[in-house]
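Trainee: So that you have it, the file is structure_25.pdb, and it contains PDB, C-alpha atoms:
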```
ATOM      1  CA  MET A   1      -2.834  -0.601 -26.081
ATOM      2  CA  HIS A   2      -3.124  -4.190 -27.338
ATOM      3  CA  PHE A   3       0.591  -4.702 -26.626
ATOM      4  CA  ILE A   4       0.167  -3.420 -23.052
ATOM      5  CA  SER A   5      -2.874  -5.650 -22.615
ATOM      6  CA  ASP A   6      -0.830  -8.667 -23.738
ATOM      7  CA  ILE A   7       1.928  -7.825 -21.234
ATOM      8  CA  ILE A   8      -0.575  -7.541 -18.360
ATOM      9  CA  SER A   9      -2.213 -10.799 -19.437
ATOM     10  CA  GLN A  10       1.190 -12.508 -19.373
ATOM     11  CA  LEU A  11       1.844 -11.079 -15.910
ATOM     12  CA  PHE A  12      -1.367 -12.625 -14.613
ATOM     13  CA  HIS A  13      -0.403 -15.995 -16.116
ATOM     14  CA  TRP A  14       2.980 -15.621 -14.430
ATOM     15  CA  ILE A  15       1.327 -14.850 -11.080
ATOM     16  CA  GLN A  16      -0.907 -17.901 -11.458
ATOM     17  CA  SER A  17       2.019 -20.184 -12.314
ATOM     18  CA  LEU A  18       3.965 -19.034  -9.236
ATOM     19  CA  GLY A  19       0.986 -19.168  -6.879
ATOM     20  CA  TYR A  20       1.695 -17.509  -3.545
ATOM     21  CA  PHE A  21       5.082 -16.219  -4.673
ATOM     22  CA  GLY A  22       3.432 -14.785  -7.783
ATOM     23  CA  ILE A  23       1.144 -12.659  -5.606
ATOM     24  CA  MET A  24       4.092 -11.521  -3.499
ATOM     25  CA  LEU A  25       6.280 -10.650  -6.502
ATOM     26  CA  GLY A  26       3.340  -9.030  -8.331
ATOM     27  CA  LEU A  27       2.945  -6.640  -5.405
ATOM     28  CA  MET A  28       6.675  -6.031  -5.074
ATOM     29  CA  ILE A  29       7.224  -4.934  -8.674
ATOM     30  CA  GLU A  30       4.079  -2.726  -8.596
ATOM     31  CA  VAL A  31       3.404  -2.892 -12.331
ATOM     32  CA  ILE A  32      -0.251  -3.636 -11.577
ATOM     33  CA  PRO A  33      -2.143  -1.842  -8.726
ATOM     34  CA  SER A  34      -2.070  -3.812  -5.463
ATOM     35  CA  GLU A  35      -5.850  -4.163  -5.253
ATOM     36  CA  ILE A  36      -5.929  -5.817  -8.691
ATOM     37  CA  VAL A  37      -3.144  -8.273  -7.820
ATOM     38  CA  LEU A  38      -4.856  -9.156  -4.527
ATOM     39  CA  ALA A  39      -8.240  -9.570  -6.204
ATOM     40  CA  TYR A  40      -6.642 -11.889  -8.737
ATOM     41  CA  GLY A  41      -5.211 -13.794  -5.785
ATOM     42  CA  GLY A  42      -8.770 -14.099  -4.465
ATOM     43  CA  PHE A  43      -9.869 -15.459  -7.834
ATOM     44  CA  LEU A  44      -7.096 -18.073  -7.619
ATOM     45  CA  VAL A  45      -8.462 -19.023  -4.190
ATOM     46  CA  SER A  46     -11.978 -19.433  -5.603
ATOM     47  CA  SER A  47     -10.642 -21.620  -8.426
ATOM     48  CA  GLY A  48      -8.759 -23.853  -5.985
ATOM     49  CA  HIS A  49      -5.196 -22.954  -7.005
ATOM     50  CA  ILE A  50      -4.225 -21.580  -3.587
ATOM     51  CA  ASN A  51      -5.846 -21.104  -0.163
ATOM     52  CA  PHE A  52      -7.174 -17.906   1.347
ATOM     53  CA  LEU A  53      -4.748 -17.609   4.280
ATOM     54  CA  GLY A  54      -1.705 -18.127   2.066
ATOM     55  CA  ALA A  55      -2.917 -15.522  -0.437
ATOM     56  CA  VAL A  56      -3.400 -12.950   2.338
ATOM     57  CA  LEU A  57      -0.067 -13.770   4.017
ATOM     58  CA  PHE A  58       1.993 -13.471   0.841
ATOM     59  CA  GLY A  59      -0.008 -10.381  -0.117
ATOM     60  CA  ILE A  60       0.996  -8.744   3.169
ATOM     61  CA  ILE A  61       4.651  -9.722   2.724
ATOM     62  CA  GLY A  62       4.756  -8.426  -0.854
ATOM     63  CA  GLY A  63       2.983  -5.181   0.056
ATOM     64  CA  VAL A  64       5.334  -4.442   2.962
ATOM     65  CA  ILE A  65       8.468  -5.196   0.913
ATOM     66  CA  ALA A  66       7.209  -2.930  -1.885
ATOM     67  CA  GLN A  67       6.743  -0.023   0.539
ATOM     68  CA  LEU A  68      10.055  -0.754   2.261
ATOM     69  CA  PHE A  69      11.737  -0.480  -1.136
ATOM     70  CA  VAL A  70      10.246   3.007  -1.632
ATOM     71  CA  TYR A  71      11.267   3.902   1.954
ATOM     72  CA  TRP A  72      14.912   2.965   1.265
ATOM     73  CA  ILE A  73      14.940   4.982  -1.961
ATOM     74  CA  GLY A  74      13.689   7.995  -0.001
ATOM     75  CA  ARG A  75      16.213   7.418   2.777
ATOM     76  CA  TYR A  76      19.304   6.948   0.604
ATOM     77  CA  GLY A  77      18.366   8.618  -2.665
ATOM     78  CA  GLY A  78      16.235  11.508  -1.454
ATOM     79  CA  ARG A  79      13.596  13.452  -3.309
ATOM     80  CA  PRO A  80      15.701  14.209  -6.447
ATOM     81  CA  VAL A  81      16.096  10.494  -7.234
ATOM     82  CA  LEU A  82      12.388   9.856  -6.735
ATOM     83  CA  GLU A  83      11.356  12.827  -8.870
ATOM     84  CA  LYS A  84      13.573  11.506 -11.653
ATOM     85  CA  TYR A  85      12.841   7.782 -11.464
ATOM     86  CA  GLY A  86       9.593   7.569  -9.472
ATOM     87  CA  LYS A  87       7.520   7.439 -12.656
ATOM     88  CA  TYR A  88       8.786   3.899 -13.229
ATOM     89  CA  ILE A  89       6.943   2.791 -10.075
ATOM     90  CA  PHE A  90       3.965   5.089 -10.800
ATOM     91  CA  ILE A  91       4.958   7.793  -8.301
ATOM     92  CA  HIS A  92       4.983  11.333  -9.682
ATOM     93  CA  LYS A  93       5.953  14.721  -8.274
ATOM     94  CA  LYS A  94       2.382  15.599  -7.229
ATOM     95  CA  HIS A  95       2.196  12.356  -5.229
ATOM     96  CA  ILE A  96       5.438  13.230  -3.454
ATOM     97  CA  ASP A  97       4.154  16.758  -2.716
ATOM     98  CA  TYR A  98       0.929  15.436  -1.179
ATOM     99  CA  ALA A  99       2.772  12.792   0.836
ATOM    100  CA  GLU A 100       5.302  15.255   2.231
ATOM    101  CA  GLU A 101       2.535  17.669   3.185
ATOM    102  CA  TRP A 102       0.679  14.911   5.052
ATOM    103  CA  PHE A 103       3.798  13.575   6.732
ATOM    104  CA  ASN A 104       4.986  17.012   7.867
ATOM    105  CA  LYS A 105       1.521  17.913   9.143
ATOM    106  CA  TYR A 106       0.572  14.680  10.900
ATOM    107  CA  GLY A 107       3.873  12.988  11.776
ATOM    108  CA  THR A 108       4.865   9.318  11.658
ATOM    109  CA  GLY A 109       1.412   8.070  12.719
ATOM    110  CA  VAL A 110       0.121   8.978   9.252
ATOM    111  CA  ILE A 111       2.052   6.006   7.831
ATOM    112  CA  PHE A 112      -0.884   3.852   8.939
ATOM    113  CA  THR A 113      -3.857   6.043   8.056
ATOM    114  CA  ALA A 114      -2.521   7.318   4.726
ATOM    115  CA  ARG A 115      -2.477   3.769   3.329
ATOM    116  CA  PHE A 116      -6.252   4.029   2.866
ATOM    117  CA  ILE A 117      -6.275   7.438   1.170
ATOM    118  CA  PRO A 118      -5.935   7.864  -2.625
ATOM    119  CA  VAL A 119      -2.924   9.742  -4.052
ATOM    120  CA  VAL A 120      -0.848   9.643  -0.846
ATOM    121  CA  ARG A 121      -1.303   5.896  -0.228
ATOM    122  CA  HIS A 122       1.755   4.710  -2.154
ATOM    123  CA  ALA A 123       3.869   7.845  -1.842
ATOM    124  CA  ILE A 124       3.725   8.225   1.957
ATOM    125  CA  SER A 125       6.774   5.948   2.304
ATOM    126  CA  ILE A 126       8.902   8.602   0.584
ATOM    127  CA  PRO A 127       8.921  11.310   3.294
ATOM    128  CA  ALA A 128       9.244   8.543   5.889
ATOM    129  CA  GLY A 129      12.501   7.505   4.254
ATOM    130  CA  ILE A 130      13.729  11.062   3.673
ATOM    131  CA  SER A 131      13.144  11.927   7.348
ATOM    132  CA  LYS A 132      14.917   8.672   8.358
ATOM    133  CA  MET A 133      11.926   7.463  10.346
ATOM    134  CA  ASN A 134      12.771   4.440  12.511
ATOM    135  CA  VAL A 135      12.577   1.514  10.111
ATOM    136  CA  TRP A 136      10.927  -0.875  12.588
ATOM    137  CA  ARG A 137       8.218   1.647  13.403
ATOM    138  CA  PHE A 138       7.718   2.126   9.670
ATOM    139  CA  ILE A 139       7.430  -1.628   9.076
ATOM    140  CA  THR A 140       5.015  -2.067  11.990
ATOM    141  CA  LEU A 141       2.634   0.717  10.920
ATOM    142  CA  THR A 142       2.818  -0.320   7.272
ATOM    143  CA  THR A 143       2.052  -3.953   8.123
ATOM    144  CA  LEU A 144      -0.908  -2.981  10.317
ATOM    145  CA  ALA A 145      -2.377  -1.027   7.395
ATOM    146  CA  ILE A 146      -1.661  -3.629   4.726
ATOM    147  CA  ILE A 147      -3.306  -6.475   6.689
ATOM    148  CA  PRO A 148      -6.933  -5.231   6.314
ATOM    149  CA  TRP A 149      -6.200  -4.060   2.749
ATOM    150  CA  SER A 150      -4.966  -7.528   1.755
ATOM    151  CA  VAL A 151      -7.795  -9.361   3.514
ATOM    152  CA  LEU A 152     -10.405  -7.119   1.878
ATOM    153  CA  PHE A 153      -9.245  -7.455  -1.729
ATOM    154  CA  VAL A 154      -8.414 -11.157  -1.566
ATOM    155  CA  TYR A 155     -11.898 -11.683  -0.116
ATOM    156  CA  LEU A 156     -13.537  -9.555  -2.826
ATOM    157  CA  GLY A 157     -11.642 -11.427  -5.523
ATOM    158  CA  TYR A 158     -12.777 -14.684  -3.942
ATOM    159  CA  ILE A 159     -16.489 -13.821  -3.850
ATOM    160  CA  LEU A 160     -16.394 -12.265  -7.345
ATOM    161  CA  GLY A 161     -14.711 -15.315  -8.875
ATOM    162  CA  ASP A 162     -14.581 -14.958 -12.667
ATOM    163  CA  GLN A 163     -15.755 -11.356 -12.283
ATOM    164  CA  TRP A 164     -12.703 -10.373 -10.175
ATOM    165  CA  GLU A 165     -11.715  -7.665 -12.703
ATOM    166  CA  HIS A 166     -14.717  -5.622 -11.484
ATOM    167  CA  VAL A 167     -13.272  -5.384  -7.980
ATOM    168  CA  ASP A 168     -13.022  -1.573  -8.090
ATOM    169  CA  GLU A 169     -16.794  -1.336  -8.531
ATOM    170  CA  LYS A 170     -17.436  -3.585  -5.520
ATOM    171  CA  ALA A 171     -14.762  -2.152  -3.202
ATOM    172  CA  GLY A 172     -16.336   1.261  -2.488
ATOM    173  CA  PRO A 173     -18.853   0.205   0.204
ATOM    174  CA  TYR A 174     -16.072  -1.679   2.010
ATOM    175  CA  ILE A 175     -13.336   0.952   1.760
ATOM    176  CA  THR A 176     -15.477   3.790   3.154
ATOM    177  CA  PRO A 177     -15.865   2.227   6.648
ATOM    178  CA  ILE A 178     -12.155   1.332   6.702
ATOM    179  CA  LEU A 179     -11.294   4.914   5.788
ATOM    180  CA  LEU A 180     -13.554   6.260   8.543
ATOM    181  CA  VAL A 181     -11.893   3.967  11.093
ATOM    182  CA  ALA A 182      -8.461   5.072   9.861
ATOM    183  CA  LEU A 183      -9.413   8.728  10.227
ATOM    184  CA  ALA A 184     -10.815   8.069  13.712
ATOM    185  CA  LEU A 185      -7.536   6.420  14.690
ATOM    186  CA  LEU A 186      -5.652   9.413  13.293
ATOM    187  CA  ILE A 187      -7.733  11.774  15.453
ATOM    188  CA  ILE A 188      -7.118   9.592  18.525
ATOM    189  CA  TYR A 189      -3.406   9.583  17.743
ATOM    190  CA  PHE A 190      -3.323  13.392  17.663
ATOM    191  CA  VAL A 191      -5.316  13.739  20.855
ATOM    192  CA  ILE A 192      -2.875  11.429  22.651
ATOM    193  CA  LYS A 193       0.056  13.325  21.143
ATOM    194  CA  MET A 194      -1.350  16.679  22.310
ATOM    195  CA  VAL A 195      -2.045  15.352  25.825
ATOM    196  CA  LYS A 196       1.510  14.040  26.112
ATOM    197  CA  ALA A 197       2.951  17.329  24.843
ATOM    198  CA  ARG A 198       0.953  19.328  27.412
ATOM    199  CA  SER A 199       1.928  16.880  30.123
ATOM    200  CA  ARG A 200       5.606  17.354  29.325
ATOM    201  CA  LYS A 201       5.196  21.140  29.421
ATOM    202  CA  GLY A 202       3.431  20.885  32.773
ATOM    203  CA  THR A 203       6.316  18.956  34.335
ATOM    204  CA  LYS A 204       8.908  21.536  33.349
TER     205      LYS A 204
END
```
What is this structure when it is put down as structure tokens?
Mentor:
Amino acid sequence: MHFISDIISQLFHWIQSLGYFGIMLGLMIEVIPSEIVLAYGGFLVSSGHINFLGAVLFGIIGGVIAQLFVYWIGRYGGRPVLEKYGKYIFIHKKHIDYAEEWFNKYGTGVIFTARFIPVVRHAISIPAGISKMNVWRFITLTTLAIIPWSVLFVYLGYILGDQWEHVDEKAGPYITPILLVALALLIIYFVIKMVKARSRKGTK
């Protein structure tokens, strides 16, 4: 455990030394959860190493690239590759099962809303890739979800300062409203989808 702690400590020093690019790369390699990397970015803002807008921007870029990487694995490697090697990016079979169930049930619109839901949040890119979802639609929905996520955790890291490691304890009251909005948008998406489907049937 001490060895792992030393590695993580070195990663944070590496992120600090690279500044904005450290945040982006930290999110891309996904060794540390995204909310922790972003909160650390917020701490770097509070200590004057970087500015808030830059931290958020590079956080968004890194988060989208990370999910695009998983999407491409799903698209060109399929589920067998992910079941075998997914553990190296902290994605396990149960995560893939949940993500596929959500994607098959709710369609491509879930790429946005699922980003705020535990378990399926990181794995939802897998069925999107396997189903060969349009890559630009995938990028757009993923970006729209990652923007508020990045802003929130960089901000929390900023206001917590030296206490940024306690971000998980402070995030709950903020994540709940975001989750409710995401679910509301999902419901609206389905209502629109149902109306369009009935409209098409009516014109036949």
Trainee: Neighbouring residues of Ile65 of chain A were defined as those with any atom within 7 Å, considering all atoms listed in the file; residues of the same chain fewer than 4 positions away were excluded. Please report them as number ranges by chain.
Mentor: A: 28, 61, 69
Trainee: Tell me which of A:Leu27, A:Ile111, A:Leu53, A:Ile15 sits closest to Asn134 of chain A, counting all atoms listed in the file.
Mentor: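 Among the listed residues, the smallest separation from Asn134 of chain A belongs to A:Ile111.
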Trainee: What's around Leu141 of chain A at 12 Å? Count only C-alpha atoms, leave out sequence neighbours fewer than 5 positions away in its own chain, and write the answer as JSON, numbers by chain.
Mentor: {"A": [64, 67, 68, 108, 109, 110, 111, 112, 113, 114, 115, 124, 125, 128, 133, 134, 135, 136, 146, 147, 182]}
Trainee: One decimal, in Å: what's the spacing between atom CA of Gln163 of chain A and atom CA of Leu144 of chain A?
Mentor: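 One can read the atom CA of Gln163 of chain A to atom CA of Leu144 of chain A distance as 28.3 Å.
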Trainee: Quick one: pull the distance between atom CA of Trp149 of chain A and atom CA of Val56 of chain A, Å, one decimal.
Mentor: 9.3 Å
Trainee: Would you kindly identify which residues have an atom no farther than 10 Å from (11.5, 11.3, 6.9), using only C-alpha atoms and the file's own coordinates, and write them out as a PyMOL selection string?
Mentor: chain A and resi 71+74-75+78+100+103-104+107-108+124-134
Trainee: Nearest to Phe153 of chain A: which of A:Gly48, A:Gly19, A:Gly41, A:Gly54 is it, counting all atoms listed in the file?
Mentor: A:Gly41
